[in-house]
Every structure is written in structure tokens, then in C-alpha cells.
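So the structure is just underneath, and the comments pick up after that.
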Amino acid sequence: MAKGIYPFIPLQFERISLEEQRRRAAEFEARLEPRRTVRQFSSEPVPVDLIEAALRIAGRAPSGANQQPWHFVVVSNPEVKRQIREAAEAEERRTYESRFPDEWLQALAPLGTDWHKEFLEVAPYLIVVFREDYGLAREPDGSERKVKHYYVQESVGIACGFLLAALHWMGLATLTHTPSPMGFLSRILDRPPNQKPYLLIPVGYPAPDAEVPDIPKKPLAEILTHVS
Ligand code: IYR
């Protein structure tokens, strides 16, 4: 295999018994099974080290050519959260009132969502995930050069999966929020032009009276085809 600038080292891999593999599978499934998207948050503070731990885990995700084409902005400042809520609600109001086609509104109806986004101010943290469609490398002469990134959507999606699972595992609630369009996040958070908003994740404890729609997940038989 062609080798680049990094030396190859032995893989660290813990081989565990089949019994332990099954035990872990069952435990992980039992832990993740009750995970729900939450839209009513408590304002109870969350220590920031938990958020940083979850983001370190997200940063372990595989990515195209190991380019790690993501950047996470953690917003806890109440004034910035207020600005984000105001801008998101303005966009969402237009989207719900005139941009969504009927078919989309019907698909959303079981979720009970609308343009009000109070959670953007109530949740103690907003993690704003940015994708980097290209990198910026500094040339010896000081100028900036664009570096193409590969499989950006896939890579950032996987990192978000790690992040959501980690936050749930550590006892926190999350919402995968996609205000549309999201350009206001680049402006409010003053991001460089190679970073584009990808997902906005409010994080915190759920409100004591939080409710979720009783929606089913597809059974395995419906989502799996074996070819053996
Ligand atoms: N982005 C809007 C609408 C929305 C769209 C889908 I697809 C959802 O699964 C949920 C909501 C909003 O956040 O309300």
C-alpha cells in the first residue's frame, strides 16, 4: 500500500468474547432505544466539560481523506442565542407560511412543529455544526490556498451521529434542528467563507413536562435485506 507522510503503526484492537460482544450490543441498543428528539428544554445549566467531551467524541468520526471537514460552535451567550432565535423564527415563519409545499407540511404534521423556536433561547447550549467544503492552507508567501475536501456531507453526517449518540449516552437531550435557510448562522457567528451551516443542535436537560409524539421506528425486517 502506498504510504504517505504518516508512519504506519500496529492497530490497537481489543478482541472480546462473543458473549461480551452480545452483551455490549444489547446494552447499547437498550441505551439508545429511548433516545428522542426533544423540543422543550429546561434552562438548567450543563457543565461545559460534558459538551467538550461529546465534541471530542464527534471529532473521532471517520472522514474523507481524514480531512475532518467540520467545525463546531458552542453558543451559551444569552444575547447570541436571542439573535439566533430571532433570525431562525423569521426564516421559519416564512417557510411554514409560504415556502413549504403541502406535501412537506403533511409529512411534518405528526411532529407538531411550527415556526416558534423558543428552545433556541431556553436550552443552555446551541451546538452549531459547520461543514467545510474546502480547507484553507497557508502558502509560504503568506497567501491562502483552497484545499478540496472529499465526502463532506457524509463525513459531517457521521460526526453528528457520533455527537448525538454521545450526548444521549451522557444523559443530555438534543434536537436536530434545521432552520431553513441557515445562512444567518454564518453571519451571526462570524464564520469564514469555507464554513457552511450544517445542523443546529440545542442541548440540555429536557423540561420536566416535555412531551414527544408517539411515533414508531421501522422494525428491522423492514430496513434490512440480507444477501448471504
Ligand atoms: N426545519 C423546520 C421544519 C422541519 C422539517 C423536518 I424534515 C423535520 O423533521 C422537522 C422540522 C423546523 O425545524 O421546524
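Going by the C-alpha cells order, chains are called A, B, ..., each with residues numbered from 1, while ligands are numbered from 1 in the order shown.
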
query: Could you list, as JSON, numbers by chain, all the residues within 12 Å of ligand 1, counting only C-alpha atoms and all ligand atoms?
result: {"A": [37, 38, 39, 85, 88, 89, 90, 91, 92, 93, 94, 95, 96, 97, 99, 100, 101, 103, 104, 105, 106, 107, 108, 109, 110, 111, 112, 113, 114, 115, 116, 117, 118, 119, 120, 175, 176, 177, 178, 179, 180, 181, 182, 199, 200, 201, 202]}

message: For A:Arg187, find every residue with an atom within 12 Å (counting only C-alpha atoms), except residues of its own chain fewer than 2 positions away, and show them as a ChimeraX atom specification.
response: /A:80,83-84,87,182-185,189-193,195-197

field: Atomic separation - atom CA of A:Phe130 relative to atom CA of A:Tyr151, Å
entry: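 Going from atom CA of A:Tyr151 over to atom CA of A:Phe130 covers 14.3 Å.
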
- prompt: Rounded to one decimal in Å, what is the spacing between atom CA of A:Cys160 and atom CA of A:Ser43?
  reply: 23.0 Å

If you take only C-alpha atoms and a cut-off of 9 Å, which residues of stretch 95-152 of chain A touch stretch 64-76 of chain A, and what are their nearest atom pairs and distances in Å to one decimal, in chain and number order, as a Markdown table?
| residue | atom | partner | partner_atom | distance |
| --- | --- | --- | --- | --- |
| A:Ala123 | CA | A:Ser76 | CA | 8.6 |
| A:Pro124 | CA | A:Ser76 | CA | 5.9 |
| A:Tyr125 | CA | A:Ser76 | CA | 4.9 |
| A:Leu126 | CA | A:Val75 | CA | 5.0 |
| A:Ile127 | CA | A:Val74 | CA | 4.6 |
| A:Val128 | CA | A:Val73 | CA | 5.0 |
| A:Val129 | CA | A:Phe72 | CA | 4.7 |
| A:Phe130 | CA | A:His71 | CA | 5.1 |
| A:Arg131 | CA | A:Trp70 | CA | 4.7 |
| A:Glu132 | CA | A:Pro69 | CA | 4.8 |
| A:Asp133 | CA | A:Pro69 | CA | 7.0 |
| A:Tyr134 | CA | A:Pro69 | CA | 7.6 |
| A:Gly135 | CA | A:Pro69 | CA | 7.7 |
| A:His149 | CA | A:Gln67 | CA | 6.7 |
| A:Tyr150 | CA | A:Gly64 | CA | 5.2 |
| A:Tyr151 | CA | A:Gly64 | CA | 5.3 |
| A:Val152 | CA | A:Pro69 | CA | 6.2 |

message: What parts of stretch 6-177 of chain A does DSSP call strand (DSSP E)? I'd like the answer as a list in words.
response: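 Residues meeting the strand (DSSP E) criterion: Trp70, His71, Phe72, Val73, Val74, Val75, Tyr125, Leu126, Ile127, Val128, Val129, Phe130, Arg131, Glu132, Tyr134, Gly135, Leu136, Ala137, Arg138, Glu144, Arg145, Lys146, Val147, Lys148, Ala173 and Thr174 of chain A.
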
Got time to write the residues from that selection, N, CA, C and O atoms, as an mmCIF file, in the first residue's frame?
data_model
loop_
_atom_site.group_PDB
_atom_site.id
_atom_site.type_symbol
_atom_site.label_atom_id
_atom_site.label_comp_id
_atom_site.auth_asym_id
_atom_site.auth_seq_id
_atom_site.Cartn_x
_atom_site.Cartn_y
_atom_site.Cartn_z
ATOM 1 N N TRP A 70 -15.156 19.590 9.526
ATOM 2 C CA TRP A 70 -16.216 20.091 10.403
ATOM 3 C C TRP A 70 -15.675 21.136 11.356
ATOM 4 O O TRP A 70 -14.486 21.186 11.669
ATOM 5 N N HIS A 71 -16.576 21.972 11.812
ATOM 6 C CA HIS A 71 -16.238 22.927 12.867
ATOM 7 C C HIS A 71 -17.484 23.104 13.726
ATOM 8 O O HIS A 71 -18.593 23.193 13.199
ATOM 9 N N PHE A 72 -17.294 23.132 15.038
ATOM 10 C CA PHE A 72 -18.429 23.206 15.957
ATOM 11 C C PHE A 72 -18.372 24.524 16.720
ATOM 12 O O PHE A 72 -17.335 24.860 17.294
ATOM 13 N N VAL A 73 -19.470 25.252 16.720
ATOM 14 C CA VAL A 73 -19.544 26.477 17.516
ATOM 15 C C VAL A 73 -20.543 26.223 18.643
ATOM 16 O O VAL A 73 -21.688 25.827 18.389
ATOM 17 N N VAL A 74 -20.088 26.412 19.877
ATOM 18 C CA VAL A 74 -20.942 26.174 21.048
ATOM 19 C C VAL A 74 -21.400 27.522 21.590
ATOM 20 O O VAL A 74 -20.589 28.309 22.083
ATOM 21 N N VAL A 75 -22.679 27.776 21.478
ATOM 22 C CA VAL A 75 -23.222 29.076 21.888
ATOM 23 C C VAL A 75 -23.937 28.936 23.225
ATOM 24 O O VAL A 75 -24.895 28.153 23.343
ATOM 25 N N TYR A 125 -27.190 25.274 25.739
ATOM 26 C CA TYR A 125 -26.198 25.330 24.653
ATOM 27 C C TYR A 125 -26.869 25.111 23.300
ATOM 28 O O TYR A 125 -27.771 24.283 23.173
ATOM 29 N N LEU A 126 -26.364 25.832 22.337
ATOM 30 C CA LEU A 126 -26.662 25.532 20.939
ATOM 31 C C LEU A 126 -25.339 25.118 20.314
ATOM 32 O O LEU A 126 -24.382 25.905 20.302
ATOM 33 N N ILE A 127 -25.263 23.889 19.844
ATOM 34 C CA ILE A 127 -24.072 23.472 19.093
ATOM 35 C C ILE A 127 -24.392 23.695 17.620
ATOM 36 O O ILE A 127 -25.314 23.078 17.085
ATOM 37 N N VAL A 128 -23.659 24.590 16.987
ATOM 38 C CA VAL A 128 -23.894 24.847 15.568
ATOM 39 C C VAL A 128 -22.779 24.148 14.795
ATOM 40 O O VAL A 128 -21.587 24.435 14.992
ATOM 41 N N VAL A 129 -23.191 23.186 13.967
ATOM 42 C CA VAL A 129 -22.222 22.381 13.224
ATOM 43 C C VAL A 129 -22.034 23.013 11.844
ATOM 44 O O VAL A 129 -23.014 23.256 11.128
ATOM 45 N N PHE A 130 -20.791 23.272 11.510
ATOM 46 C CA PHE A 130 -20.458 23.801 10.179
ATOM 47 C C PHE A 130 -19.705 22.738 9.395
ATOM 48 O O PHE A 130 -18.905 21.992 9.955
ATOM 49 N N ARG A 131 -19.969 22.686 8.095
ATOM 50 C CA ARG A 131 -19.197 21.791 7.225
ATOM 51 C C ARG A 131 -18.204 22.653 6.450
ATOM 52 O O ARG A 131 -18.505 23.800 6.100
ATOM 53 N N GLU A 132 -17.026 22.083 6.223
ATOM 54 C CA GLU A 132 -16.007 22.827 5.467
ATOM 55 C C GLU A 132 -15.874 22.185 4.088
ATOM 56 O O GLU A 132 -15.248 21.134 3.943
ATOM 57 N N TYR A 134 -14.200 23.172 1.662
ATOM 58 C CA TYR A 134 -12.779 23.202 1.320
ATOM 59 C C TYR A 134 -12.003 23.745 2.513
ATOM 60 O O TYR A 134 -12.557 24.427 3.384
ATOM 61 N N GLY A 135 -10.709 23.392 2.569
ATOM 62 C CA GLY A 135 -9.849 23.892 3.628
ATOM 63 C C GLY A 135 -9.078 25.104 3.127
ATOM 64 O O GLY A 135 -9.028 25.367 1.919
ATOM 65 N N LEU A 136 -8.478 25.812 4.055
ATOM 66 C CA LEU A 136 -7.651 26.951 3.662
ATOM 67 C C LEU A 136 -6.239 26.716 4.192
ATOM 68 O O LEU A 136 -6.033 26.629 5.397
ATOM 69 N N ALA A 137 -5.285 26.510 3.258
ATOM 70 C CA ALA A 137 -3.895 26.272 3.664
ATOM 71 C C ALA A 137 -3.103 27.556 3.453
ATOM 72 O O ALA A 137 -3.348 28.299 2.506
ATOM 73 N N ARG A 138 -2.174 27.774 4.333
ATOM 74 C CA ARG A 138 -1.328 28.979 4.242
ATOM 75 C C ARG A 138 -0.095 28.665 3.398
ATOM 76 O O ARG A 138 0.632 27.719 3.681
ATOM 77 N N GLU A 144 -3.366 32.453 0.919
ATOM 78 C CA GLU A 144 -4.214 31.313 1.257
ATOM 79 C C GLU A 144 -4.535 30.495 0.015
ATOM 80 O O GLU A 144 -4.782 31.055 -1.047
ATOM 81 N N ARG A 145 -4.491 29.170 0.165
ATOM 82 C CA ARG A 145 -4.811 28.285 -0.949
ATOM 83 C C ARG A 145 -5.978 27.392 -0.536
ATOM 84 O O ARG A 145 -6.032 26.893 0.592
ATOM 85 N N LYS A 146 -6.918 27.201 -1.484
ATOM 86 C CA LYS A 146 -8.063 26.327 -1.194
ATOM 87 C C LYS A 146 -7.651 24.869 -1.336
ATOM 88 O O LYS A 146 -7.015 24.497 -2.318
ATOM 89 N N VAL A 147 -8.023 24.038 -0.349
ATOM 90 C CA VAL A 147 -7.743 22.597 -0.408
ATOM 91 C C VAL A 147 -9.078 21.865 -0.521
ATOM 92 O O VAL A 147 -9.934 22.003 0.357
ATOM 93 N N LYS A 148 -9.249 21.123 -1.612
ATOM 94 C CA LYS A 148 -10.526 20.443 -1.818
ATOM 95 C C LYS A 148 -10.759 19.389 -0.745
ATOM 96 O O LYS A 148 -9.858 18.641 -0.382
ATOM 97 N N ALA A 173 -30.358 15.799 26.497
ATOM 98 C CA ALA A 173 -31.341 15.772 25.407
ATOM 99 C C ALA A 173 -30.856 16.657 24.270
ATOM 100 O O ALA A 173 -30.150 17.654 24.495
ATOM 101 N N THR A 174 -31.235 16.268 23.060
ATOM 102 C CA THR A 174 -30.819 17.035 21.871
ATOM 103 C C THR A 174 -31.981 17.170 20.901
ATOM 104 O O THR A 174 -32.933 16.389 20.929
#
